[in-house]
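Here's the structure, in structure tokens; my notes come after.
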Amino acid sequence: MTAITRTWDQLTLPGKALAILLPLGAALTLGLVLVLVLFGQAILDILIFNLPIVRFAFAATVLLLLAPPIAFVIIYMEMKIIALMNLRIGPDRVGPWGSLLSTVHGLKVLMKEDFTPTRADPVVFTWAPVVVFSTMALSALVIPFAPGLFAQDMNLALLYFFAIGGMTVVGLLMGGWASFNKYSLLGGLRSAAQIVSYEIPLTLSVVGLVILAGTMSLNSIVEQQGTSGWFTDWYVVRQPLGFLIFAIAATAEANRTPFDLTEADSEIVAGFATEYSGMRFGFFFFAEYIGVFIISALTTVLFLGGWNAPFPVPAISWIIDPGELGLGLLLLVLIAPVIGTLILAAPFYLFRSQTRWWVALLIGFVLFNVLVGLLFGLWAYINFDWVAGLIWFLSKTFGLVFLFVWMRGTLPRVRIDQLMGFAWKWLLPASLLNLFVTALAVLVVDGLGVPGA
Amino acid sequence: MDRALARRLEARFGDVLHGPARQRHDQTEIRIGAGDVVEVLRSLHDEPDLAFVMLADLAGVDTGREMQVVYHLWSATTDDWLRVIAEGLSREDPRIPSVTFLWQGAEWMERETYDMFGITFEGNRDLRRIYMPPDYTSFPLRKDFYLPDDAARSPGAGVRHVERTHGPTDATPGVLRQTRA
Amino acid sequence: MTAQTAPRTGNHSRHDPKGTHRSADDPNVLLEDDYAFYEPIPPYPPRTEREAEFYTLGDGEMFLNMGPQHPSTHGVLRVVLKLDGETVVDIDPVLGYLHRGVEKLVENADYHQTISQVDPLEYISSLFCEWAPVTAYEKLLDVEVPRRAEYIRVLSAELNRIASHSLFLGWFALDLGGLTPILWSFIERDEIVEMLAALTGQRMLFNYFRIGGVNGDLNHEFMSRLGDWMSRAATQIESGMGLLNENEIFARRVAGLGVVDRETAMRYCMTGPNLRATGIPFDLRRAHPYSIYPEIEFDVPTRTEGDSLARYLLRMEEVKQSLRIIDQCLEQMPDGPIMAKLPRLIRPRPGRAWSAVEGPRGIYGAYAISDGTDQPFRLKIHDPSFIHLGAMTTLLPGNLLADTMAIMASLDPVMGGVDK
């Protein structure tokens, strides 16, 4: 007994932790294996029986995990593009062209102190960023990214999106109220007023589209836009006014310039986020950029054809079947990287006398990888529908994200009374007009019995 | 130098002026008592042949013997700056009427002068310190002001020992000997 | 009252000011109550009726303490706003966070040293801050400044005016939420500042004017930079303005915002572009000519609206006039000395002198009193930012919180000048 005690006393703190955790882990693994062997079939049956729930849980996890990288990409885009518009250099230190800077920002935010101000309501204060972030991530559940690549195909997907998206304001209001700060309160109330006002034109502007589509399922809406393969099928052609209203209202909904009154830094410091620090602020920050992504994605889905290409891409069949090469495939895998690297490195070494040989080799290796990646992408594009769809979807979505960033770099902010006046006096009548004109057109076309309408 | 202006001013305000109007370069200077400020400045501002509509500056001066308040006025009727010196304010309890009824903008200038010299402007509705903290007790631009005076009473007492090198006992206040316009 | 005699029991005293209590550890220490800590209400009885009126809340009103650490207070200004919803009911600017006591410092420095003391007052356009006291001293000394020195002064000061105005454009847009114009306008400012650094040796606090002239003659680097810049200045400034002028959101934000009429402007002693935007063509360079301005052709632009847009457009118009002045200065620049003959140690005869110059924000004045020693007996600096900030109390009420900073930016105060 004494020997064990003495040994235990001689262990360092990590050693003690390991001494406890290692046996525990071993036991757990053994148990898991046993359970899988004994009850594997039963568990699988339960999972298959509850497939929608499993699918939901899996998709939600994946989306939550994907959210930060997407936010990082958009934050980097914003930093770099606005910097170029401002005639600055922008981030250029971490990673190639500073592209890892936003990731480093994310890590920094994780490491910062996360404090709650005196007199704040700690429970509400803590839950506010969670509500904001999770509503943003949850509303992405219904977005079809590519054929077969979506979390849930609801027939009320659009309604679900607006319902969950509208929950964001609850989180912002919670944060603004619980912070015990007047700037936060003003920011929270502004966001409540703004988002509630812009929900109405936002929702009304797509009702015309829903009349035309006859469904609220986003998958079906995308499929309808791809019948002929040309971009003339997109709803932006048939609903230009609706698209315009949707784009403007969506900007306000995502709290972006020129409607970023909730966090107008020259007026109310950072609005609802003034008192937040550390990762709680990080969640607000991520939520904003994920909101940008999701709003762009929804615009793409509704009006810009979703995953459909704007023109019919001629079908190319992949002629070479790698399996036919036999032993040659092995040789190719062994030799091609070396030769490719050498060939690509040669010009850098031969034509630039300053380049050292190993630098040239490194460049060649990177270029070779890029080339192979491109070839692989091409192969995937041709062979898999969802890859092609994802590429088109993401390029359209990030095109819209670029538009958001562009507006941020260009426009000053509107005033709160101008903002509300614009929503109620212009956007709402315009969306109603759009709705009535669409309904009338549908009635007339149906009445005339035009085939195919 | 606008000689005509000096003659006009002497003719108009002859009995309230302390001595003749003095002129030098582009400036004309008249001196009046503190009690005549309202009457003189109102006439200067309102009368169409004077029309000194712009108050360019309001300054306090501590000559060491008395306090003065100096107004600089501009008018389109003359090429000169007009300097009105209200003199003879006691250093113990300097009081002078406010000119905020003519120039609202003088409110802050008077607050500054009050803050720096302790001159009370009667009629200024917001006469409180503007630069110095509210619990400050001295008037820094007075000639008998020495930093240790205040530093000894302030929360920062003893923090900056440099401020304590000269006590108020071993220094004499500066006195303005003679002035010429 | 020493620690021994102080009552230990209870940490409230009848004589303590409202909103304070005694520290439990040391009864000599007065602490602010919680609510006083969170509210900007001062922890002492009101000193004036105006203060009492301001710090009494009406129905549905609240205080909002803005600054001194706020992103857009142009330095260190604290403004207490009384809000009704988002509407500003009343405003109480609290100054002194940047007070350096320059007027006291100059009384303990000799005449030459005071030039570098007054420099950092108005750090955006330091040359005007030097110009006023320097000319006041010259009047005290009855000294004639050589004509070449006058031309160099006008040339460098007009360059500084352009730098100041282009910075105004950027800050104004930034306070309205536009990110880009500030960086575009900094390009112009940086070019001018580098040019002046070649002339004076400093980028911001030039310390260039001397009693009786200027510190150094025009040099090659300055002239080559100036010539290079003048060839493209007009188009560049035009492009910077194009970011804002044709922007519908900007125009709607600032048109009719913070309107000042002529009477109010005169009552509040406003000068400079803020006064000329109301329609009064008062420009000291014409109204009370000094230096070589009578020999130079330029217009005094005015506008009649008196709102923020007018103030902005007027400043941009002034930039063009400044370019004209610089052109003529370069053409007419005479040869000759750049300093009047003066002894090293200056002892002006006892007397008083007032001098004012037209700066980018209004008139910069200096009132100097000499008592015959080598130190000024009194130097009063008049700064337009101070006056214009004082006028905020009448401009703001009735506007929205969002316009607080827009109106303030359109008046273009610099806190270094406000706080002396």
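All residue names refer to the structure tokens as shown: chains lettered A, B, ... in order, residues numbered from 1 in each chain, ligands numbered from 1 in order.
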Mind dumping a table of every chain C residue within 6 Å of chain A, with the nearest atom pair and its distance in Å to one decimal, using only C-alpha atoms, sorted by chain and rising number, as a tab-separated table?
residue	atom	partner	partner_atom	distance
C:Pro71	CA	A:Ser266	CA	5.7
C:Ser72	CA	A:Ser266	CA	5.3
C:Asp175	CA	A:Ser266	CA	5.4
C:Leu176	CA	A:Pro412	CA	5.6
C:Gly177	CA	A:Pro412	CA	4.5
C:Gly178	CA	A:Pro412	CA	4.0
C:Leu179	CA	A:Gly409	CA	5.9
C:Thr180	CA	A:Asn86	CA	5.2
C:Leu183	CA	A:Asn86	CA	5.8
C:Ala402	CA	A:Glu267	CA	5.5
Excluding range 9-11 of chain B and any residue of its chain fewer than 2 positions from it, enumerate the residues within 10 Å of it, using only C-alpha atoms, and give them as an NGL selection string.
:B and (4-7 or 13-17 or 19-21 or 28-30 or 44 or 50)
Any idea what's packed within 9 Å of Leu226 in chain C, counting only C-alpha atoms, ignoring anything in its chain fewer than 6 positions away? Could you give it as a PDB file with N, CA and C atoms, in the first residue's frame?
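In the end it all went to part-v3.pdb:
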ATOM      1  N   GLU C 191       0.605  63.559 -48.258  1.00  0.00           N
ATOM      2  CA  GLU C 191       1.497  64.188 -49.230  1.00  0.00           C
ATOM      3  C   GLU C 191       1.874  65.595 -48.773  1.00  0.00           C
ATOM      4  N   ILE C 192       0.876  66.361 -48.322  1.00  0.00           N
ATOM      5  CA  ILE C 192       1.137  67.731 -47.884  1.00  0.00           C
ATOM      6  C   ILE C 192       2.012  67.738 -46.639  1.00  0.00           C
ATOM      7  N   MET C 195       5.488  67.046 -47.429  1.00  0.00           N
ATOM      8  CA  MET C 195       6.042  68.237 -48.093  1.00  0.00           C
ATOM      9  C   MET C 195       6.427  69.296 -47.058  1.00  0.00           C
TER      10      MET C 195
END
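For Ala128 in chain A, the set of protein, DNA and RNA residues having any atom at most 9 Å away, when counting only C-alpha atoms and skipping those fewer than 3 positions along the same chain, is Val123, Val124, Phe125, Val131, Val132, Phe133, Val170, Gly171, Leu172, Leu173, Met174, Gly175, Gly176, Ala178, Arg280 and Phe284 of chain A.
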Step one, run DSSP on the backbone; step two, keep only residues of range 120-305 of chain C assigned to alpha helix (DSSP H); then write them as a ChimeraX atom specification.
/C:126-141,147-175,180-200,220-245,248-254,262-267,272-276,284-287
Please provide the set of residues having any atom within 10 Å of Leu367 in chain A, restricted to only C-alpha atoms, with same-chain residues fewer than 6 positions apart removed, written as a PyMOL selection string.
chain A and resi 340-341+344-345+361+373
Who sits within 10 Å of Lys320 in chain C, only C-alpha atoms, same chain under 6 positions skipped, as a CSV table (one decimal) with N, CA and C atoms, in the first residue's frame:
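See selection.csv below for the written result:
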chain,number,residue,atom,x,y,z
C,162,ILE,N,-5.3,73.1,-46.7
C,162,ILE,CA,-5.8,72.0,-47.5
C,162,ILE,C,-5.7,70.7,-46.8
C,233,ALA,N,-3.2,67.8,-57.8
C,233,ALA,CA,-4.0,68.0,-56.6
C,233,ALA,C,-5.4,68.2,-57.0
C,234,ALA,N,-5.7,69.0,-57.9
C,234,ALA,CA,-7.1,69.4,-58.2
C,234,ALA,C,-7.9,68.1,-58.5
C,237,ILE,N,-8.3,65.8,-55.4
C,237,ILE,CA,-9.3,66.2,-54.4
C,237,ILE,C,-10.7,66.0,-55.0
C,238,GLU,N,-10.8,66.3,-56.3
C,238,GLU,CA,-12.1,66.1,-56.9
C,238,GLU,C,-12.6,64.6,-56.8
C,298,PHE,N,-8.4,86.0,-54.7
C,298,PHE,CA,-9.1,84.7,-54.5
C,298,PHE,C,-10.5,85.1,-54.1
C,299,ASP,N,-11.4,84.2,-54.1
C,299,ASP,CA,-12.8,84.5,-53.8
C,299,ASP,C,-13.1,84.0,-52.4
C,326,ILE,N,-2.0,79.3,-53.6
C,326,ILE,CA,-0.6,78.7,-53.7
C,326,ILE,C,0.0,79.0,-55.0
Find the residues of chain B in contact range of chain C, meaning any atom within 8 Å when counting only C-alpha atoms, and list them as a ChimeraX atom specification.
/B:25,27,53-57,59,61,76,79-80,102-106,108-109,125-128,130-133,140-141,176-181
For the structure I just gave you, how does DSSP split range 344-397 of chain C - specifically, which residues are strand (DSSP E or B)? Reply as a ChimeraX atom specification.
/C:351-358,363-370,376-382
Can you spit out the residues from that selection as a CSV table (one decimal), in the first residue's frame, using C-alpha atoms?
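Output file result39.csv is given in full below:
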chain,number,residue,atom,x,y,z
C,351,GLY,CA,2.3,97.0,-24.3
C,352,ARG,CA,-0.6,95.0,-25.6
C,353,ALA,CA,-1.2,93.5,-29.0
C,354,TRP,CA,-4.0,91.4,-30.6
C,355,SER,CA,-3.6,89.6,-33.8
C,356,ALA,CA,-5.9,87.2,-35.6
C,357,VAL,CA,-5.6,85.0,-38.6
C,358,GLU,CA,-8.1,83.1,-40.7
C,363,ILE,CA,-10.2,82.9,-36.6
C,364,TYR,CA,-7.2,82.0,-34.5
C,365,GLY,CA,-6.4,84.9,-32.2
C,366,ALA,CA,-3.6,85.8,-29.9
C,367,TYR,CA,-3.7,88.6,-27.3
C,368,ALA,CA,-0.2,89.2,-25.9
C,369,ILE,CA,0.8,91.5,-23.1
C,370,SER,CA,4.4,92.4,-22.6
C,376,PRO,CA,5.1,87.3,-22.2
C,377,PHE,CA,3.1,88.6,-19.2
C,378,ARG,CA,0.0,87.1,-20.6
C,379,LEU,CA,-0.8,85.3,-23.9
C,380,LYS,CA,-4.4,84.5,-24.5
C,381,ILE,CA,-5.1,82.1,-27.4
C,382,HIS,CA,-8.4,82.3,-29.1
Could you name the residues that touch range 116-123 of chain B at 7 Å or less, counting only C-alpha atoms, but leaving out those on the same chain fewer than 2 positions away, as a ChimeraX atom specification?
/B:60,94-98,110,112-114,125,139-142
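We find CA of Leu156 in chain A and CA of Ile143 in chain A to be spaced 11.9 Å apart.
Of note, CA of Ser217 in chain A and CA of Met154 in chain A are spaced 5.8 Å apart.
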